[in-house]
Every structure is written in C-alpha cells, then in structure tokens.
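These notes concern the structure reproduced below.
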Amino acid sequence: MSKASAPGKAILFGEHFVVYGVKAILCAINKRVTVTAEKIPQNKILIKSNIGELDAPLKKPISEINSPLKPFYYLANKMIEKHNQKTGIKIFVESEIPLGVGLGSSSACCVAGAASISRLFEETSKEQILELAIEAERTIFENTSGADCTVCTFGGLMEYDKKRGFSQIESDSNFNLVIANSNIEHSTDVVVSNVGQFKEKNEEKFLNLCQKESELVKQVSIMLKNNDLRGLGKCMHDNQKFLEIIGISNEKLREMIKMAEDTSFGAKITGAGGGGCIIALTDESNLEKTILKLREGNYDCFSVKIDFKGLDTF
Ligand code: PMV
C-alpha cells in the first residue's frame with residue numbers, strides 16, 4: 001500500500017493576465033488531498049472518492065473513460081503497463097479542498113495520485129511525480145500550464161510566467177487567508193474566453209492593464225519578502241479593480257469583497273472569477289473578525305495558511 005498527500009493552491013495575484021504573459025503569484029494552502037493506492041488481484045482499476053466511484057477494466061483507451069476521476073485511471077493504467085503488472089489497483093481519495101472553485105483540487109489529486117500510484121512500483125523523485133501529474137491533469141484540462149501542479153508539489157509561494165516557468169519566492173510571510181466561496185459555479189474555460197473577447201474589443205486598454213498588473217506584481221514580490229501585509233492588502237484591492245474592468249466579477253463577488261475589506265488588509269477574487277472564491281488577507285489580529293463578518297453575511301468561508309511542505313509521502 002502507498003499513501004501520499006498534496007496541498008491545494010490559491011492564486012494571490014495575476015490571474016487572467018498570466019494568460020497574456022504577465023507574472024502571477026501563487027501559494028500552496030494547508031488544505032490537502034490524500035490518496036491511498038493498493039495492488040489488488042482483480043484485473044481492474046477501482047477508484048473511490050467523495051465525488052463518486054469508477055470501476056473499469058485495465059487498458060481501456062483514456063478517451064473512453066468519461067469521469068472526473070480520469071486522471072487516476074490514466075496514472076494507474078500507465079504504471080501497470082510500464083511495470084508489466086497483470087493485476088489491478090484500488091485507489092482511495094480523501095479531500096479537504098472544495099471542488100471546482102479554483103483552489104487546485106484537481107491538481108492536488110493529480111500530484112498525490114501520481115505519487116501514491118507510482119510509488120507502488122518504484123521510488124520516484126518530486127520532479128518525476130510532477131511530470132506524471134501534469135500528464136494526468138492534461139486528460140481533463142488539455143491546456144493546463146502546469147503551474148498549479150508545480151505549486152502543489154513543492155509547496156510555498158511561487159512566481160509563474162508562461163515563458164520562464166516557475167520560481168519559488170523565499171519569504172517568511174506567514175499570513176492567514178480567509179477564503180469565501182460564492183457557491184456560483186463557473187467554468188475557467190468560459191471565463192478565460194470571455195476575457196479573450198474583451199481583449200479583442202479593447203486592445204489598448206487591455207495592454208495598459210497588463211502593464212499595470214506587471215508593475216503591481218513587481219511590488220508584491222518585494223512586499224512578500226518584507227511581510228508587508230498592509231502593502232499587500234492595498235495591492236489586492238488594486239488587482240481587484242483590474243479584474244472588475246476585464247469583466248470577471250459580479251454583484252455577489254463585489255458584495256463579499258466589500259464585506260471582507262471592512263476588517264481584512266485587502267480582498268480580491270482568486271482564480272478565474274465569474275463565481276468561485278474570493279480571498280481576504282489577514283493575520284491573527286483580524287482573522288476572526290473577518291470570518292465572523294462573512295459568516296454574518298451567510299457566506300461559506302474558512303481560513304488557510306501557506307503550506308510550505310508540498311507533496312508528502314507515507
Ligand atoms: O480557476 P483557476 O484557479 O484554476 O484559475 C484560472 C487562472 C486563469 O489565469 C484565469 C487561467 C489560467 O490558465 O491561468
């Protein structure tokens with residue numbers, strides 16, 4: 001039996017603009033997915049999770065697997081074939097990360113899945129696991145940049161840009177993020193394509209926003225190193241203004257952000273927008289107040305800290 005866990009993630013700055021080459025800043029959060037894998041005598045792959053089950057024979061073409069659990073099937077089949085195993089694998093998934101709201105639950109599944117399944121057969125390095133996890137994530141998100149899997153594997157804070165890839169940010173920042181869920185479903189693909197249309201119609205305005213976002217992210221990198229929470233909060237507020245302009249916000253998200261801004265250092269949408277979650281930056285002095293305020297407004301919320309560990313294997 002082999003067990004592994006990986007953290008989810010939040011985008012702190014730069015979502016959407018990152019698609020057009022601006023740097024984004026992400027962090028791993030201390031909410032995890034744990035995956036347990038076990039060899040079984042039957043000729044099948046059996047996956048159990050809180051979003052359902054998959055019970056499929058070995059070696060089915062991946063295009064015939066129609067399930068959100070597809071990445072696990074892909075990984076199990078790949079390892080069985082690579083190691084010429086004649087029997088199957090059973091996989092059990094437990095998650096603390098809400099699904100489909102931009103908190104990296106699928107990336108954490110792919111990373112913890114790649115680690116637990118591959119380690120049934122061989123010792124694998126974090127780099128090898130990351131490669132496998134990105135491959136598995138491509139079975140559900142063809143165009144994934146790999147940034148989410150990277151931060152879920154290594155943990156901590158990370159800068160990411162499309163050309164240069166990722167680099168870890170050394171920082172002792174130890175803030176609390178309050179994450180509140182709008183419970184409005186969104187599709188990242190649809191929101192990204194809407195932003196594409198906005199850009200087509202407003203080329204100059206968009207270019208200008210990209211430049212402003214780049215400047216902002218530069219300031220943020222310095223503030224993170226200095227643990228300047230007030231400065232970071234102000235940058236969140238400014239970043240949110242840019243996200244409003246490109247049209248990914250709505251009434252509910254604005255209301256949540258306004259509430260959170262009363263008590264926190266700053267708040268903004270995290271991830272694709274259109275629904276999903278907002279984040280509010282706090283420390284011990286204003287964490288409880290911010291949670292209370294959002295709960296008074298009947299919003300689902302919880303607090304997280306940066307996860308510095310990344311992938312963990314047992
Ligand atoms: O929904 P999330 O958190 O995976 O965020 C998507 C981030 C975007 O910048 C909107 C898209 C992307 O591929 O970077």
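Letters A, B, ... go to the chains of the structure tokens in the order shown; residues in each chain start at 1; ligands are counted from 1 in the same order.
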Between chain A and ligand 1, at 8 Å or less, what are the per-residue closest atom pairs and their distances in Å? Count only C-alpha atoms and all ligand atoms, order by chain and rising residue number, and return it as a tab-separated table.
```
residue	atom	partner	partner_atom_place_in_ligand_line	distance
A:Lys9	CA	ligand 1	3 (O)	8.0
A:Ala10	CA	ligand 1	3 (O)	6.7
A:Ile11	CA	ligand 1	3 (O)	6.3
A:Gly14	CA	ligand 1	9 (O)	7.0
A:Glu15	CA	ligand 1	9 (O)	3.7
A:His16	CA	ligand 1	9 (O)	3.6
A:Phe17	CA	ligand 1	9 (O)	6.5
A:Val18	CA	ligand 1	9 (O)	5.6
A:Val19	CA	ligand 1	14 (O)	5.4
A:Gly100	CA	ligand 1	1 (O)	7.6
A:Val101	CA	ligand 1	1 (O)	6.4
A:Gly102	CA	ligand 1	3 (O)	3.3
A:Leu103	CA	ligand 1	3 (O)	5.8
A:Gly104	CA	ligand 1	4 (O)	6.4
A:Asn143	CA	ligand 1	13 (O)	7.6
A:Thr144	CA	ligand 1	13 (O)	6.3
A:Ser145	CA	ligand 1	13 (O)	6.3
A:Asp148	CA	ligand 1	4 (O)	7.4
A:Ser187	CA	ligand 1	1 (O)	7.7
A:Thr188	CA	ligand 1	1 (O)	5.2
A:Asp189	CA	ligand 1	11 (C)	7.7
A:Val191	CA	ligand 1	10 (C)	7.2
A:Val192	CA	ligand 1	10 (C)	5.7
A:Thr270	CA	ligand 1	3 (O)	6.4
A:Gly271	CA	ligand 1	3 (O)	3.4
A:Ala272	CA	ligand 1	10 (C)	3.9
A:Gly273	CA	ligand 1	1 (O)	7.2
A:Gly276	CA	ligand 1	1 (O)	7.8
```
Residues of the last selection are to be written out with N, CA and C atoms, as a PDB file, in the first residue's frame.
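New file selection.pdb:
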```
ATOM      1  N   LYS A   9      -4.147  25.064  -3.795  1.00  0.00           N
ATOM      2  CA  LYS A   9      -3.433  26.317  -4.063  1.00  0.00           C
ATOM      3  C   LYS A   9      -4.415  27.499  -4.169  1.00  0.00           C
ATOM      4  N   ALA A  10      -3.860  28.688  -4.010  1.00  0.00           N
ATOM      5  CA  ALA A  10      -4.653  29.886  -4.323  1.00  0.00           C
ATOM      6  C   ALA A  10      -3.795  30.786  -5.197  1.00  0.00           C
ATOM      7  N   ILE A  11      -4.425  31.460  -6.149  1.00  0.00           N
ATOM      8  CA  ILE A  11      -3.697  32.471  -6.921  1.00  0.00           C
ATOM      9  C   ILE A  11      -3.829  33.777  -6.139  1.00  0.00           C
ATOM     10  N   GLY A  14      -2.456  38.101 -10.332  1.00  0.00           N
ATOM     11  CA  GLY A  14      -2.091  37.887 -11.744  1.00  0.00           C
ATOM     12  C   GLY A  14      -2.952  36.943 -12.547  1.00  0.00           C
ATOM     13  N   GLU A  15      -4.049  36.391 -11.966  1.00  0.00           N
ATOM     14  CA  GLU A  15      -4.901  35.519 -12.781  1.00  0.00           C
ATOM     15  C   GLU A  15      -5.393  36.278 -14.021  1.00  0.00           C
ATOM     16  N   HIS A  16      -5.662  35.571 -15.051  1.00  0.00           N
ATOM     17  CA  HIS A  16      -6.069  36.072 -16.378  1.00  0.00           C
ATOM     18  C   HIS A  16      -4.933  36.785 -17.107  1.00  0.00           C
ATOM     19  N   PHE A  17      -4.284  37.765 -16.443  1.00  0.00           N
ATOM     20  CA  PHE A  17      -3.205  38.468 -17.130  1.00  0.00           C
ATOM     21  C   PHE A  17      -2.055  37.499 -17.425  1.00  0.00           C
ATOM     22  N   VAL A  18      -1.942  36.456 -16.604  1.00  0.00           N
ATOM     23  CA  VAL A  18      -0.888  35.447 -16.791  1.00  0.00           C
ATOM     24  C   VAL A  18      -1.048  34.744 -18.145  1.00  0.00           C
ATOM     25  N   VAL A  19      -2.295  34.645 -18.617  1.00  0.00           N
ATOM     26  CA  VAL A  19      -2.556  34.008 -19.918  1.00  0.00           C
ATOM     27  C   VAL A  19      -1.882  34.817 -21.024  1.00  0.00           C
ATOM     28  N   GLY A 100     -13.802  22.438  -7.812  1.00  0.00           N
ATOM     29  CA  GLY A 100     -14.203  23.301  -8.925  1.00  0.00           C
ATOM     30  C   GLY A 100     -14.352  24.766  -8.588  1.00  0.00           C
ATOM     31  N   VAL A 101     -13.619  25.248  -7.580  1.00  0.00           N
ATOM     32  CA  VAL A 101     -13.727  26.669  -7.259  1.00  0.00           C
ATOM     33  C   VAL A 101     -12.354  27.349  -7.320  1.00  0.00           C
ATOM     34  N   GLY A 102     -11.436  26.743  -8.059  1.00  0.00           N
ATOM     35  CA  GLY A 102     -10.144  27.386  -8.280  1.00  0.00           C
ATOM     36  C   GLY A 102      -9.147  27.205  -7.154  1.00  0.00           C
ATOM     37  N   LEU A 103      -9.371  26.211  -6.288  1.00  0.00           N
ATOM     38  CA  LEU A 103      -8.432  26.011  -5.176  1.00  0.00           C
ATOM     39  C   LEU A 103      -7.506  24.821  -5.412  1.00  0.00           C
ATOM     40  N   GLY A 104      -7.404  24.414  -6.671  1.00  0.00           N
ATOM     41  CA  GLY A 104      -6.391  23.419  -7.030  1.00  0.00           C
ATOM     42  C   GLY A 104      -6.736  21.996  -6.649  1.00  0.00           C
ATOM     43  N   ASN A 143      -5.139  22.238 -21.735  1.00  0.00           N
ATOM     44  CA  ASN A 143      -4.193  23.350 -21.849  1.00  0.00           C
ATOM     45  C   ASN A 143      -3.590  23.793 -20.529  1.00  0.00           C
ATOM     46  N   THR A 144      -3.561  22.925 -19.552  1.00  0.00           N
ATOM     47  CA  THR A 144      -3.032  23.367 -18.251  1.00  0.00           C
ATOM     48  C   THR A 144      -1.583  23.856 -18.402  1.00  0.00           C
ATOM     49  N   SER A 145      -1.282  24.930 -17.688  1.00  0.00           N
ATOM     50  CA  SER A 145       0.070  25.476 -17.766  1.00  0.00           C
ATOM     51  C   SER A 145       1.031  24.652 -16.918  1.00  0.00           C
ATOM     52  N   ASP A 148      -0.234  25.028 -11.420  1.00  0.00           N
ATOM     53  CA  ASP A 148      -0.919  24.522 -10.223  1.00  0.00           C
ATOM     54  C   ASP A 148      -0.244  23.259  -9.693  1.00  0.00           C
ATOM     55  N   SER A 187     -16.980  28.143 -15.141  1.00  0.00           N
ATOM     56  CA  SER A 187     -16.084  27.312 -15.931  1.00  0.00           C
ATOM     57  C   SER A 187     -14.893  28.178 -16.307  1.00  0.00           C
ATOM     58  N   THR A 188     -13.701  27.733 -15.887  1.00  0.00           N
ATOM     59  CA  THR A 188     -12.498  28.526 -16.180  1.00  0.00           C
ATOM     60  C   THR A 188     -12.393  28.789 -17.684  1.00  0.00           C
ATOM     61  N   ASP A 189     -12.652  27.768 -18.497  1.00  0.00           N
ATOM     62  CA  ASP A 189     -12.536  27.928 -19.958  1.00  0.00           C
ATOM     63  C   ASP A 189     -13.427  29.044 -20.481  1.00  0.00           C
ATOM     64  N   VAL A 191     -14.769  31.613 -18.780  1.00  0.00           N
ATOM     65  CA  VAL A 191     -14.358  32.943 -18.302  1.00  0.00           C
ATOM     66  C   VAL A 191     -13.099  33.394 -19.045  1.00  0.00           C
ATOM     67  N   VAL A 192     -12.150  32.476 -19.262  1.00  0.00           N
ATOM     68  CA  VAL A 192     -10.921  32.831 -19.994  1.00  0.00           C
ATOM     69  C   VAL A 192     -11.288  33.280 -21.411  1.00  0.00           C
ATOM     70  N   THR A 270     -10.046  35.156  -6.393  1.00  0.00           N
ATOM     71  CA  THR A 270      -8.895  34.300  -6.682  1.00  0.00           C
ATOM     72  C   THR A 270      -9.279  33.329  -7.789  1.00  0.00           C
ATOM     73  N   GLY A 271      -8.415  33.225  -8.802  1.00  0.00           N
ATOM     74  CA  GLY A 271      -8.700  32.283  -9.896  1.00  0.00           C
ATOM     75  C   GLY A 271      -9.534  32.917 -10.991  1.00  0.00           C
ATOM     76  N   ALA A 272     -10.296  32.071 -11.660  1.00  0.00           N
ATOM     77  CA  ALA A 272     -10.954  32.507 -12.892  1.00  0.00           C
ATOM     78  C   ALA A 272     -12.038  33.565 -12.690  1.00  0.00           C
ATOM     79  N   GLY A 273     -12.720  33.566 -11.552  1.00  0.00           N
ATOM     80  CA  GLY A 273     -13.796  34.538 -11.337  1.00  0.00           C
ATOM     81  C   GLY A 273     -15.101  34.100 -11.992  1.00  0.00           C
ATOM     82  N   GLY A 276     -16.944  31.130  -8.070  1.00  0.00           N
ATOM     83  CA  GLY A 276     -15.774  30.635  -7.339  1.00  0.00           C
ATOM     84  C   GLY A 276     -15.537  31.411  -6.065  1.00  0.00           C
TER      85      GLY A 276
END
```
Show me, as an NGL selection string, the residues that have an atom within 12 Å of Glu81 in chain A when counting only C-alpha atoms, minus same-chain residues fewer than 6 positions from it. :A and (58-60 or 74-75 or 87-89 or 118 or 121)
Keeping only all heavy atoms, write those residues as a PDB file, in the first residue's frame.
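What follows is the written file result_4.pdb:
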```pdb
ATOM      1  N   LEU A  58      -8.783  -2.923 -17.026  1.00  0.00           N
ATOM      2  CA  LEU A  58      -7.478  -2.376 -17.407  1.00  0.00           C
ATOM      3  C   LEU A  58      -7.455  -2.052 -18.898  1.00  0.00           C
ATOM      4  O   LEU A  58      -8.220  -2.613 -19.676  1.00  0.00           O
ATOM      5  CB  LEU A  58      -6.376  -3.412 -17.132  1.00  0.00           C
ATOM      6  CG  LEU A  58      -6.256  -3.953 -15.703  1.00  0.00           C
ATOM      7  CD1 LEU A  58      -5.114  -4.967 -15.628  1.00  0.00           C
ATOM      8  CD2 LEU A  58      -6.018  -2.811 -14.732  1.00  0.00           C
ATOM      9  N   LYS A  59      -6.547  -1.157 -19.259  1.00  0.00           N
ATOM     10  CA  LYS A  59      -6.192  -0.863 -20.653  1.00  0.00           C
ATOM     11  C   LYS A  59      -7.314  -0.336 -21.531  1.00  0.00           C
ATOM     12  O   LYS A  59      -7.312  -0.563 -22.741  1.00  0.00           O
ATOM     13  CB  LYS A  59      -5.582  -2.112 -21.307  1.00  0.00           C
ATOM     14  CG  LYS A  59      -4.299  -2.548 -20.636  1.00  0.00           C
ATOM     15  CD  LYS A  59      -3.601  -3.635 -21.387  1.00  0.00           C
ATOM     16  CE  LYS A  59      -2.407  -4.110 -20.583  1.00  0.00           C
ATOM     17  NZ  LYS A  59      -1.817  -5.318 -21.041  1.00  0.00           N
ATOM     18  N   LYS A  60      -8.301   0.335 -20.951  1.00  0.00           N
ATOM     19  CA  LYS A  60      -9.293   0.989 -21.810  1.00  0.00           C
ATOM     20  C   LYS A  60      -8.660   2.268 -22.359  1.00  0.00           C
ATOM     21  O   LYS A  60      -7.940   2.957 -21.622  1.00  0.00           O
ATOM     22  CB  LYS A  60     -10.525   1.385 -20.964  1.00  0.00           C
ATOM     23  CG  LYS A  60     -11.640   0.369 -20.998  1.00  0.00           C
ATOM     24  CD  LYS A  60     -12.825   0.885 -20.232  1.00  0.00           C
ATOM     25  CE  LYS A  60     -13.887   1.382 -21.186  1.00  0.00           C
ATOM     26  NZ  LYS A  60     -15.200   1.540 -20.551  1.00  0.00           N
ATOM     27  N   TYR A  74      -5.815   7.081 -15.631  1.00  0.00           N
ATOM     28  CA  TYR A  74      -4.678   7.236 -16.532  1.00  0.00           C
ATOM     29  C   TYR A  74      -3.377   6.826 -15.836  1.00  0.00           C
ATOM     30  O   TYR A  74      -2.572   6.056 -16.363  1.00  0.00           O
ATOM     31  CB  TYR A  74      -4.612   8.696 -17.000  1.00  0.00           C
ATOM     32  CG  TYR A  74      -3.374   9.015 -17.781  1.00  0.00           C
ATOM     33  CD1 TYR A  74      -3.307   8.757 -19.144  1.00  0.00           C
ATOM     34  CD2 TYR A  74      -2.249   9.557 -17.149  1.00  0.00           C
ATOM     35  CE1 TYR A  74      -2.150   9.026 -19.864  1.00  0.00           C
ATOM     36  CE2 TYR A  74      -1.100   9.828 -17.854  1.00  0.00           C
ATOM     37  CZ  TYR A  74      -1.052   9.565 -19.210  1.00  0.00           C
ATOM     38  OH  TYR A  74       0.090   9.827 -19.906  1.00  0.00           O
ATOM     39  N   LEU A  75      -3.198   7.333 -14.623  1.00  0.00           N
ATOM     40  CA  LEU A  75      -1.957   7.066 -13.882  1.00  0.00           C
ATOM     41  C   LEU A  75      -1.823   5.573 -13.552  1.00  0.00           C
ATOM     42  O   LEU A  75      -0.753   4.984 -13.713  1.00  0.00           O
ATOM     43  CB  LEU A  75      -1.941   7.875 -12.575  1.00  0.00           C
ATOM     44  CG  LEU A  75      -1.743   9.385 -12.726  1.00  0.00           C
ATOM     45  CD1 LEU A  75      -2.150  10.115 -11.450  1.00  0.00           C
ATOM     46  CD2 LEU A  75      -0.285   9.698 -13.085  1.00  0.00           C
ATOM     47  N   THR A  87      -2.253  -7.600 -12.774  1.00  0.00           N
ATOM     48  CA  THR A  87      -3.474  -7.381 -11.983  1.00  0.00           C
ATOM     49  C   THR A  87      -3.760  -5.880 -11.807  1.00  0.00           C
ATOM     50  O   THR A  87      -3.115  -5.058 -12.445  1.00  0.00           O
ATOM     51  CB  THR A  87      -3.323  -8.051 -10.614  1.00  0.00           C
ATOM     52  OG1 THR A  87      -2.092  -7.611 -10.076  1.00  0.00           O
ATOM     53  CG2 THR A  87      -3.355  -9.552 -10.721  1.00  0.00           C
ATOM     54  N   GLY A  88      -4.720  -5.544 -10.929  1.00  0.00           N
ATOM     55  CA  GLY A  88      -5.205  -4.167 -10.877  1.00  0.00           C
ATOM     56  C   GLY A  88      -4.746  -3.324  -9.695  1.00  0.00           C
ATOM     57  O   GLY A  88      -3.864  -3.719  -8.923  1.00  0.00           O
ATOM     58  N   ILE A  89      -5.394  -2.165  -9.571  1.00  0.00           N
ATOM     59  CA  ILE A  89      -5.067  -1.227  -8.487  1.00  0.00           C
ATOM     60  C   ILE A  89      -6.365  -0.636  -7.924  1.00  0.00           C
ATOM     61  O   ILE A  89      -7.294  -0.338  -8.677  1.00  0.00           O
ATOM     62  CB  ILE A  89      -4.176  -0.058  -8.998  1.00  0.00           C
ATOM     63  CG1 ILE A  89      -2.804  -0.571  -9.440  1.00  0.00           C
ATOM     64  CG2 ILE A  89      -4.005   1.032  -7.930  1.00  0.00           C
ATOM     65  CD1 ILE A  89      -1.864   0.514  -9.948  1.00  0.00           C
ATOM     66  N   SER A 118       2.625   5.729  -8.418  1.00  0.00           N
ATOM     67  CA  SER A 118       3.954   5.360  -8.939  1.00  0.00           C
ATOM     68  C   SER A 118       4.792   4.676  -7.861  1.00  0.00           C
ATOM     69  O   SER A 118       5.571   3.757  -8.145  1.00  0.00           O
ATOM     70  CB  SER A 118       4.684   6.581  -9.501  1.00  0.00           C
ATOM     71  OG  SER A 118       4.953   7.499  -8.468  1.00  0.00           O
ATOM     72  N   PHE A 121       5.307   0.955  -7.255  1.00  0.00           N
ATOM     73  CA  PHE A 121       6.221   0.201  -8.120  1.00  0.00           C
ATOM     74  C   PHE A 121       7.682   0.609  -7.997  1.00  0.00           C
ATOM     75  O   PHE A 121       8.570  -0.178  -8.206  1.00  0.00           O
ATOM     76  CB  PHE A 121       5.807   0.401  -9.592  1.00  0.00           C
ATOM     77  CG  PHE A 121       4.420  -0.071  -9.887  1.00  0.00           C
ATOM     78  CD1 PHE A 121       3.339   0.790  -9.799  1.00  0.00           C
ATOM     79  CD2 PHE A 121       4.193  -1.399 -10.232  1.00  0.00           C
ATOM     80  CE1 PHE A 121       2.048   0.360 -10.056  1.00  0.00           C
ATOM     81  CE2 PHE A 121       2.905  -1.839 -10.496  1.00  0.00           C
ATOM     82  CZ  PHE A 121       1.834  -0.970 -10.407  1.00  0.00           C
TER      83      PHE A 121
END
```
Identify all residues of range 73-310 of chain A in strand (DSSP E or B) (DSSP on the backbone) and supply them as a count of residues only. 42
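When only C-alpha atoms are used to compute distances to Gly52 in chain A, the closest of the residues A:Val93, A:Ala147, A:Val33, A:Val22 turns out to be A:Val93.
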Judged by only C-alpha atoms, the minimum distance to Ile97 in chain A among A:Thr34, A:Gln211, A:Leu253, A:Leu232 is found for A:Thr34
